[in-house]
Structure formats: C-alpha cells, structure tokens
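The file target_18.txt comes next; it holds compact mmCIF, C-alpha atoms.
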```
# COMPACT_ATOMS: atom_id res chain seq x y z
CA MET A 34 -3.19 19.43 -2.82
CA VAL A 35 -5.83 17.24 -4.44
CA HIS A 36 -5.41 13.53 -3.80
CA GLU A 37 -6.87 10.94 -6.09
CA THR A 38 -6.92 8.24 -3.42
CA GLU A 39 -6.91 7.83 0.34
CA PHE A 40 -3.56 6.09 -0.02
CA GLU A 41 -2.01 9.19 -1.65
CA ARG A 42 -3.51 11.43 1.04
CA LEU A 43 -2.05 9.29 3.82
CA LEU A 44 1.33 8.97 2.08
CA ASP A 45 1.57 12.74 1.62
CA ALA A 46 0.48 13.33 5.22
CA ALA A 47 3.23 10.98 6.46
CA ARG A 48 5.81 12.73 4.25
CA GLU A 49 4.70 16.15 5.45
CA LEU A 50 4.92 15.13 9.11
CA LEU A 51 8.31 13.52 8.50
CA GLY A 52 9.56 16.66 6.75
CA ALA A 53 8.39 18.94 9.57
CA GLY A 54 11.62 18.28 11.47
CA ASP A 55 9.63 17.87 14.69
CA ASP A 56 10.27 14.62 16.53
CA SER A 57 7.00 14.99 18.43
CA VAL A 58 5.00 14.27 15.24
CA LEU A 59 6.91 11.15 14.19
CA GLY A 60 4.39 8.90 15.96
CA GLU A 61 1.63 10.47 13.89
CA ALA A 62 3.73 10.08 10.73
CA ASN A 63 4.18 6.40 11.59
CA GLN A 64 0.43 6.01 12.07
CA ARG A 65 -0.31 7.62 8.69
CA ILE A 66 2.20 5.46 6.81
CA ASN A 67 0.91 2.33 8.52
CA GLU A 68 -2.62 3.24 7.42
CA ALA A 69 -1.36 3.84 3.88
CA LEU A 70 0.44 0.50 3.79
CA CYS A 71 -2.72 -1.26 4.93
CA LEU A 72 -4.37 0.14 1.80
CA ARG A 73 -1.45 -0.68 -0.53
CA PRO A 74 0.96 -3.16 1.02
CA ASP A 75 2.84 -3.49 -2.30
CA SER A 76 3.73 0.21 -2.55
CA VAL A 77 7.47 0.78 -2.88
CA ASP A 78 7.01 4.45 -2.00
CA GLY A 79 5.01 3.48 1.08
CA TRP A 80 7.76 1.16 2.32
CA LEU A 81 10.43 3.79 1.64
CA VAL A 82 8.51 6.37 3.69
CA LYS A 83 8.07 3.75 6.42
CA CYS A 84 11.85 3.23 6.33
CA GLN A 85 12.45 6.97 6.67
CA VAL A 86 10.02 7.30 9.59
CA ALA A 87 11.60 4.35 11.39
CA SER A 88 15.07 5.76 10.74
CA ALA A 89 14.01 9.17 12.07
CA THR A 90 12.79 7.55 15.28
CA GLY A 91 16.08 5.67 15.65
CA ASP A 92 14.56 2.25 15.02
CA ASP A 93 17.19 0.99 12.60
CA ILE A 94 15.89 -2.59 12.67
CA ALA A 95 12.39 -1.47 11.62
CA ALA A 96 13.98 0.80 9.00
CA LEU A 97 15.92 -2.15 7.59
CA ALA A 98 12.79 -4.32 7.54
CA ALA A 99 10.88 -1.59 5.69
CA VAL A 100 13.62 -1.01 3.13
CA GLU A 101 13.85 -4.76 2.53
CA MET A 102 10.10 -4.76 1.80
CA ALA A 103 10.72 -1.98 -0.74
CA ALA A 104 13.71 -3.86 -2.18
CA ARG A 105 11.59 -6.96 -2.78
CA ARG A 106 9.32 -4.82 -4.94
CA ALA A 107 11.94 -2.64 -6.64
CA PRO A 108 15.39 -4.20 -6.19
CA ASN A 109 17.06 -2.02 -8.83
CA ARG A 110 15.55 1.35 -7.96
CA ALA A 111 18.20 3.90 -6.99
CA GLU A 112 16.20 5.31 -4.09
CA THR A 113 15.61 1.84 -2.62
CA LEU A 114 19.30 1.00 -2.88
CA TYR A 115 20.23 4.38 -1.37
CA TRP A 116 18.02 3.85 1.68
CA ARG A 117 19.25 0.28 2.07
CA GLY A 118 22.83 1.56 2.13
CA ALA A 119 22.00 4.36 4.54
CA VAL A 120 20.28 2.03 7.00
CA LEU A 121 23.01 -0.61 6.78
CA GLY A 122 25.53 2.17 7.46
CA ASP A 123 23.54 3.23 10.53
CA LEU A 124 23.69 -0.38 11.71
CA GLY A 125 27.49 -0.39 11.32
CA ARG A 126 27.36 -2.85 8.41
CA HIS A 127 29.63 -0.62 6.35
CA ARG A 128 30.81 -3.05 3.65
CA GLU A 129 27.22 -4.05 2.82
CA ALA A 130 26.21 -0.39 2.95
CA LEU A 131 28.94 0.53 0.49
CA ARG A 132 27.84 -2.21 -1.92
CA ALA A 133 24.25 -0.93 -1.77
CA ILE A 134 25.34 2.67 -2.39
CA GLU A 135 27.54 1.64 -5.31
CA SER A 136 24.58 -0.30 -6.74
CA ALA A 137 22.44 2.80 -6.31
CA PHE A 138 24.92 4.84 -8.35
CA ARG A 139 24.69 2.26 -11.14
CA ALA A 140 20.88 2.33 -10.97
CA VAL A 141 20.54 6.13 -11.27
CA THR A 142 18.50 7.15 -14.29
CA GLY A 143 17.86 10.54 -15.84
CA ASP A 144 14.93 10.99 -13.44
CA ASP A 145 17.06 10.26 -10.36
CA HIS A 146 19.49 13.17 -10.44
CA TRP A 147 17.81 14.60 -7.35
CA ILE A 148 19.38 11.77 -5.30
CA LEU A 149 23.00 12.19 -6.45
CA GLU A 150 24.01 14.60 -3.68
CA ASP A 151 22.74 12.19 -1.03
CA LEU A 152 24.45 9.24 -2.69
CA PHE A 153 27.83 10.99 -2.74
CA TYR A 154 27.39 12.11 0.87
CA GLU A 155 26.40 8.65 2.09
CA LYS A 156 29.27 7.00 0.21
CA ALA A 157 31.77 9.48 1.67
CA THR A 158 30.39 8.89 5.17
CA ILE A 159 30.69 5.13 4.80
CA LEU A 160 34.20 5.34 3.37
CA ASP A 161 35.21 7.60 6.24
CA ALA A 162 33.76 5.13 8.76
CA LEU A 163 35.84 2.40 7.11
CA GLY A 164 38.96 4.54 7.58
CA LEU A 165 39.29 5.13 3.84
CA HIS A 166 39.77 8.87 4.19
CA GLU A 167 41.43 9.45 0.80
CA ALA A 168 38.52 7.71 -0.92
CA ALA A 169 36.03 9.70 1.17
CA VAL A 170 37.66 12.99 0.13
CA ALA A 171 37.71 11.88 -3.51
CA THR A 172 34.02 10.98 -3.27
CA CYS A 173 33.15 14.41 -1.86
CA GLU A 174 35.17 16.07 -4.61
CA ALA A 175 33.48 13.95 -7.30
CA GLY A 176 30.13 14.83 -5.75
CA LEU A 177 30.93 18.53 -5.84
CA ALA A 178 31.89 18.21 -9.50
CA ARG A 179 28.41 16.76 -10.21
CA CYS A 180 26.54 18.88 -7.63
CA PRO A 181 28.60 22.11 -7.42
CA GLY A 182 26.16 23.96 -5.19
CA SER A 183 26.01 21.26 -2.52
CA ALA A 184 26.44 22.70 0.95
CA LEU A 185 26.09 19.14 2.30
CA LEU A 186 29.11 17.86 0.38
CA ARG A 187 31.17 20.95 1.24
CA ALA A 188 30.40 20.39 4.91
CA ALA A 189 31.33 16.70 4.61
CA LEU A 190 34.59 17.49 2.85
CA ALA A 191 36.20 19.36 5.76
CA PRO A 192 36.05 16.54 8.35
CA THR A 193 37.13 13.91 5.82
CA GLN A 194 40.12 16.05 4.83
CA ARG A 195 41.05 16.44 8.51
CA ALA A 196 40.80 12.67 9.01
CA ARG A 197 43.03 12.14 5.97
CA VAL A 198 45.64 14.51 7.45
CA ARG A 199 45.47 12.72 10.84
CA SER A 200 45.99 9.37 9.11
CA SER A 201 49.01 10.62 7.18
CA LEU A 202 50.49 12.15 10.34
CA LYS A 203 50.03 8.85 12.14
CA VAL A 204 51.98 7.08 9.39
CA LEU A 205 54.70 9.75 9.50
CA ARG A 206 54.99 9.30 13.27
CA GLY A 207 55.49 5.55 12.94
CA GLY A 208 51.91 4.64 13.85
CA GLN A 209 51.80 6.64 17.09
CA SER A 210 48.73 8.75 17.71
```

Take the structure I supplied and represent it as structure tokens, if you would.
Amino acid sequence: MVHETEFERLLDAARELLGAGDDSVLGEANQRINEALCLRPDSVDGWLVKCQVASATGDDIAALAAVEMAARRAPNRAETLYWRGAVLGDLGRHREALRAIESAFRAVTGDDHWILEDLFYEKATILDALGLHEAAVATCEAGLARCPGSALLRAALAPTQRARVRSSLKVLRGGQS
C-alpha cells in the first residue's frame, strides 16, 4: 500500500496490528497510533483507532477519553457515536450507551451502511444488559432484516431469546427464579 503521508502509514500500521487479533502486538499498535496522533492531533480517525486500541487492551477509561476526543471533532459522525456507545456500555453506563447508539443510527448516511450490523448488535447487547429482552430480540430481528447475512446478529439472537423466555417464566412463576 502506498501512503501519501507518514500519518497515513502510522494509522494503517496501527489498524493492521489491531486487526491481527494478537494481544501481544497491541502495545506496538498503541505506539503507532500515538505517533500518528502526534503528527495530526485533530484526526478523528486517529482518535477512533486510539479508542479501539485502548478498548482492546481493556483500558475502558482511556478508550472513553479517546472517543471523547473524536466526538469533539465529529460529534455527529455515526462511527464516533457507535464507539462512544460501545465504550459507555463496557463501562456499565447502559442508558448513556443506548442514547449514543440511537444517535448513531440517526447519523448513518449512505456511506455508513458498513456499520449497521455493529450498531444493531451493540444496541441489542445494551438492551439485554438493561433487562429489556423483548426489545433486544426485536433489535436483532430488525438488524437481520437490514443485514440478512449477519452471523453476528444470528448469534446474538439466541441468548436474547433465551433471556426473554427466562423473564416470562419468572413472571409466570410469580417472580420466583
């Protein structure tokens, strides 16, 4: 791949290391994205990659800080809102996470269809964490209607359906587990 700038080279290197699925290279990915952000501290894409690297290392606070830096620069970008929701969900701030994901859905443009599957999945996960199993199932089903080949949404649908059944059984049993 030919890179026009050192920033693009570093950004792509960080993405490649992040996408390798090897936790042992996350430190190197972090180093590359930090170098890239030194060159372009106003880069939304740079801050989103920084968020993803921090999230992959389990540093949810650093991930939130990075996504907030991206949000300052692109507050209405679907990908920024998605990552904000995902990180807030990881932090257990489910209501805020749901608001961010719903905002991301509203911000999706014709160029953002690649993110729909992840948005539906994240929303279903958050709804499930809030105990809203019916809504989580409906979200998975709506996602499958828009993304019919999604293995991710099919996999998410089974546990949410089981949780919905457990909830209805609990009600039928008078609230006893």

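The nearest approach to A:Leu163 among the residues A:Arg179, A:His127, A:Arg187, A:Arg132, with only C-alpha atoms taken into account, belongs to A:His127.
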
- [ ] Please provide as a PyMOL selection string all residues within 9 Å of A:Arg110, with the sequence filter that same-chain residues fewer than 6 positions apart are discarded (counting only C-alpha atoms).
- [x] chain A and resi 104+137+140-141

Task: Contact residues around A:Leu149 with all atoms listed in the file at 12 Å, ignoring same-chain residues under 3 positions, as a PyMOL selection string - done: chain A and resi 111-112+115+134-135+137-146+152-156+172-173+175-181+183+185-186

- [ ] Skip A:Ala130 itself and residues of its chain fewer than 5 positions away, then list as a ChimeraX atom specification all residues within 10 Å of it, counting all atoms listed in the file.
- [x] /A:114-125,135-136,155-156,159-160

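Going from atom CA of A:Glu167 to atom CA of A:Ser88 covers 28.4 Å.
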
Task: Residue neighbourhood stretch 43-57 of chain A, 9 Å, only C-alpha atoms, exclusion window fewer than 2 positions, as number ranges by chain - done: A: 36, 38-41, 59-70, 78-79, 82-83, 85-86, 89-90

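The coordinates place atom CA of A:Arg128 at 14.0 Å from atom CA of A:Ala169.
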
Report the centre and edge lengths, in Å to one decimal, of an axis-aligned box enclosing every atom of stretch 158-161 of chain A listed in the file, padded by 8 Å on each side, as lines of an AutoDock Vina configuration file.
```
center_x = 32.8
center_y = 7.0
center_z = 4.8
size_x = 20.8
size_y = 19.8
size_z = 18.9
```

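Here atom CA of A:Asp75 is placed at a distance of 19.9 Å from atom CA of A:Ile94.
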
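The environment of A:Ala96 within 6 Å, counting only C-alpha atoms and disregarding residues fewer than 3 places along the same chain, consists of Cys84, Ala87, Ser88, Asp93 and Ala99 of chain A.
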
Would you save the residues from that selection as a short mmCIF file (atom, residue, chain, number, x, y, z; two decimals), in the coordinates of the input, using C-alpha atoms?
```cif
data_model
loop_
_atom_site.label_atom_id
_atom_site.label_comp_id
_atom_site.auth_asym_id
_atom_site.auth_seq_id
_atom_site.Cartn_x
_atom_site.Cartn_y
_atom_site.Cartn_z
CA CYS A 84 11.85 3.23 6.33
CA ALA A 87 11.60 4.35 11.39
CA SER A 88 15.07 5.76 10.74
CA ASP A 93 17.19 0.99 12.60
CA ALA A 99 10.88 -1.59 5.69
#
```

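Candidate residues A:Val58, A:Val77, A:Ala189, A:Ala133 were compared for distance to A:Ala107, and the nearest is A:Val77, using all atoms listed in the file.
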
Missing atoms in stretch 133-168 of chain A: fill them in up to N, CA and C atoms and send the result as a PDB file, in the coordinates of the input.
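Full text of part.pdb as output:
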```
ATOM      1  N   ALA A 133      25.584  -1.433  -1.425  1.00  0.00           N
ATOM      2  CA  ALA A 133      24.250  -0.930  -1.770  1.00  0.00           C
ATOM      3  C   ALA A 133      24.339   0.464  -2.401  1.00  0.00           C
ATOM      4  N   ILE A 134      25.183   1.325  -1.847  1.00  0.00           N
ATOM      5  CA  ILE A 134      25.340   2.670  -2.390  1.00  0.00           C
ATOM      6  C   ILE A 134      25.950   2.616  -3.786  1.00  0.00           C
ATOM      7  N   GLU A 135      26.941   1.776  -3.974  1.00  0.00           N
ATOM      8  CA  GLU A 135      27.540   1.640  -5.310  1.00  0.00           C
ATOM      9  C   GLU A 135      26.517   1.105  -6.307  1.00  0.00           C
ATOM     10  N   SER A 136      25.663   0.189  -5.880  1.00  0.00           N
ATOM     11  CA  SER A 136      24.580  -0.300  -6.740  1.00  0.00           C
ATOM     12  C   SER A 136      23.609   0.819  -7.065  1.00  0.00           C
ATOM     13  N   ALA A 137      23.345   1.672  -6.092  1.00  0.00           N
ATOM     14  CA  ALA A 137      22.440   2.800  -6.310  1.00  0.00           C
ATOM     15  C   ALA A 137      22.996   3.741  -7.379  1.00  0.00           C
ATOM     16  N   PHE A 138      24.291   4.001  -7.319  1.00  0.00           N
ATOM     17  CA  PHE A 138      24.920   4.840  -8.350  1.00  0.00           C
ATOM     18  C   PHE A 138      24.705   4.236  -9.742  1.00  0.00           C
ATOM     19  N   ARG A 139      24.872   2.930  -9.841  1.00  0.00           N
ATOM     20  CA  ARG A 139      24.690   2.260 -11.140  1.00  0.00           C
ATOM     21  C   ARG A 139      23.235   2.285 -11.593  1.00  0.00           C
ATOM     22  N   ALA A 140      22.309   2.361 -10.648  1.00  0.00           N
ATOM     23  CA  ALA A 140      20.880   2.330 -10.970  1.00  0.00           C
ATOM     24  C   ALA A 140      20.297   3.710 -11.286  1.00  0.00           C
ATOM     25  N   VAL A 141      21.058   4.775 -11.041  1.00  0.00           N
ATOM     26  CA  VAL A 141      20.540   6.130 -11.270  1.00  0.00           C
ATOM     27  C   VAL A 141      20.168   6.305 -12.742  1.00  0.00           C
ATOM     28  N   THR A 142      18.983   6.844 -12.940  1.00  0.00           N
ATOM     29  CA  THR A 142      18.500   7.150 -14.290  1.00  0.00           C
ATOM     30  C   THR A 142      18.422   8.664 -14.441  1.00  0.00           C
ATOM     31  N   GLY A 143      18.010   9.107 -15.596  1.00  0.00           N
ATOM     32  CA  GLY A 143      17.860  10.540 -15.840  1.00  0.00           C
ATOM     33  C   GLY A 143      16.873  11.202 -14.882  1.00  0.00           C
ATOM     34  N   ASP A 144      15.925  10.438 -14.369  1.00  0.00           N
ATOM     35  CA  ASP A 144      14.930  10.990 -13.440  1.00  0.00           C
ATOM     36  C   ASP A 144      15.416  11.000 -11.992  1.00  0.00           C
ATOM     37  N   ASP A 145      16.572  10.407 -11.735  1.00  0.00           N
ATOM     38  CA  ASP A 145      17.060  10.260 -10.360  1.00  0.00           C
ATOM     39  C   ASP A 145      18.138  11.259  -9.956  1.00  0.00           C
ATOM     40  N   HIS A 146      18.386  12.254 -10.754  1.00  0.00           N
ATOM     41  CA  HIS A 146      19.490  13.170 -10.440  1.00  0.00           C
ATOM     42  C   HIS A 146      19.309  13.875  -9.102  1.00  0.00           C
ATOM     43  N   TRP A 147      18.084  13.969  -8.641  1.00  0.00           N
ATOM     44  CA  TRP A 147      17.810  14.600  -7.350  1.00  0.00           C
ATOM     45  C   TRP A 147      18.478  13.847  -6.194  1.00  0.00           C
ATOM     46  N   ILE A 148      18.825  12.576  -6.380  1.00  0.00           N
ATOM     47  CA  ILE A 148      19.380  11.770  -5.300  1.00  0.00           C
ATOM     48  C   ILE A 148      20.912  11.740  -5.296  1.00  0.00           C
ATOM     49  N   LEU A 149      21.532  12.285  -6.331  1.00  0.00           N
ATOM     50  CA  LEU A 149      23.000  12.190  -6.450  1.00  0.00           C
ATOM     51  C   LEU A 149      23.735  12.782  -5.252  1.00  0.00           C
ATOM     52  N   GLU A 150      23.344  13.958  -4.815  1.00  0.00           N
ATOM     53  CA  GLU A 150      24.010  14.600  -3.680  1.00  0.00           C
ATOM     54  C   GLU A 150      23.999  13.681  -2.467  1.00  0.00           C
ATOM     55  N   ASP A 151      22.850  13.087  -2.173  1.00  0.00           N
ATOM     56  CA  ASP A 151      22.740  12.190  -1.030  1.00  0.00           C
ATOM     57  C   ASP A 151      23.582  10.926  -1.212  1.00  0.00           C
ATOM     58  N   LEU A 152      23.630  10.422  -2.430  1.00  0.00           N
ATOM     59  CA  LEU A 152      24.450   9.240  -2.690  1.00  0.00           C
ATOM     60  C   LEU A 152      25.934   9.527  -2.447  1.00  0.00           C
ATOM     61  N   PHE A 153      26.420  10.640  -2.965  1.00  0.00           N
ATOM     62  CA  PHE A 153      27.830  10.990  -2.740  1.00  0.00           C
ATOM     63  C   PHE A 153      28.105  11.190  -1.252  1.00  0.00           C
ATOM     64  N   TYR A 154      27.199  11.867  -0.564  1.00  0.00           N
ATOM     65  CA  TYR A 154      27.390  12.110   0.870  1.00  0.00           C
ATOM     66  C   TYR A 154      27.424  10.791   1.642  1.00  0.00           C
ATOM     67  N   GLU A 155      26.463   9.924   1.367  1.00  0.00           N
ATOM     68  CA  GLU A 155      26.400   8.650   2.090  1.00  0.00           C
ATOM     69  C   GLU A 155      27.646   7.797   1.814  1.00  0.00           C
ATOM     70  N   LYS A 156      28.073   7.779   0.552  1.00  0.00           N
ATOM     71  CA  LYS A 156      29.270   7.000   0.210  1.00  0.00           C
ATOM     72  C   LYS A 156      30.493   7.560   0.945  1.00  0.00           C
ATOM     73  N   ALA A 157      30.635   8.870   0.971  1.00  0.00           N
ATOM     74  CA  ALA A 157      31.770   9.480   1.670  1.00  0.00           C
ATOM     75  C   ALA A 157      31.725   9.155   3.161  1.00  0.00           C
ATOM     76  N   THR A 158      30.551   9.196   3.747  1.00  0.00           N
ATOM     77  CA  THR A 158      30.390   8.890   5.170  1.00  0.00           C
ATOM     78  C   THR A 158      30.793   7.452   5.466  1.00  0.00           C
ATOM     79  N   ILE A 159      30.360   6.543   4.610  1.00  0.00           N
ATOM     80  CA  ILE A 159      30.690   5.130   4.800  1.00  0.00           C
ATOM     81  C   ILE A 159      32.190   4.897   4.630  1.00  0.00           C
ATOM     82  N   LEU A 160      32.760   5.483   3.591  1.00  0.00           N
ATOM     83  CA  LEU A 160      34.200   5.340   3.370  1.00  0.00           C
ATOM     84  C   LEU A 160      34.988   5.884   4.556  1.00  0.00           C
ATOM     85  N   ASP A 161      34.557   7.008   5.082  1.00  0.00           N
ATOM     86  CA  ASP A 161      35.210   7.600   6.240  1.00  0.00           C
ATOM     87  C   ASP A 161      35.118   6.662   7.447  1.00  0.00           C
ATOM     88  N   ALA A 162      33.939   6.067   7.644  1.00  0.00           N
ATOM     89  CA  ALA A 162      33.760   5.130   8.760  1.00  0.00           C
ATOM     90  C   ALA A 162      34.657   3.905   8.606  1.00  0.00           C
ATOM     91  N   LEU A 163      34.942   3.529   7.372  1.00  0.00           N
ATOM     92  CA  LEU A 163      35.840   2.400   7.110  1.00  0.00           C
ATOM     93  C   LEU A 163      37.314   2.797   7.213  1.00  0.00           C
ATOM     94  N   GLY A 164      37.582   4.072   7.486  1.00  0.00           N
ATOM     95  CA  GLY A 164      38.960   4.540   7.580  1.00  0.00           C
ATOM     96  C   GLY A 164      39.590   4.835   6.235  1.00  0.00           C
ATOM     97  N   LEU A 165      38.791   4.871   5.193  1.00  0.00           N
ATOM     98  CA  LEU A 165      39.290   5.130   3.840  1.00  0.00           C
ATOM     99  C   LEU A 165      39.132   6.628   3.530  1.00  0.00           C
ATOM    100  N   HIS A 166      39.925   7.420   4.236  1.00  0.00           N
ATOM    101  CA  HIS A 166      39.770   8.870   4.190  1.00  0.00           C
ATOM    102  C   HIS A 166      40.085   9.468   2.816  1.00  0.00           C
ATOM    103  N   GLU A 167      41.105   8.948   2.153  1.00  0.00           N
ATOM    104  CA  GLU A 167      41.430   9.450   0.800  1.00  0.00           C
ATOM    105  C   GLU A 167      40.250   9.221  -0.141  1.00  0.00           C
ATOM    106  N   ALA A 168      39.665   8.039  -0.074  1.00  0.00           N
ATOM    107  CA  ALA A 168      38.520   7.710  -0.920  1.00  0.00           C
ATOM    108  C   ALA A 168      37.309   8.572  -0.556  1.00  0.00           C
TER     109      ALA A 168
END
```
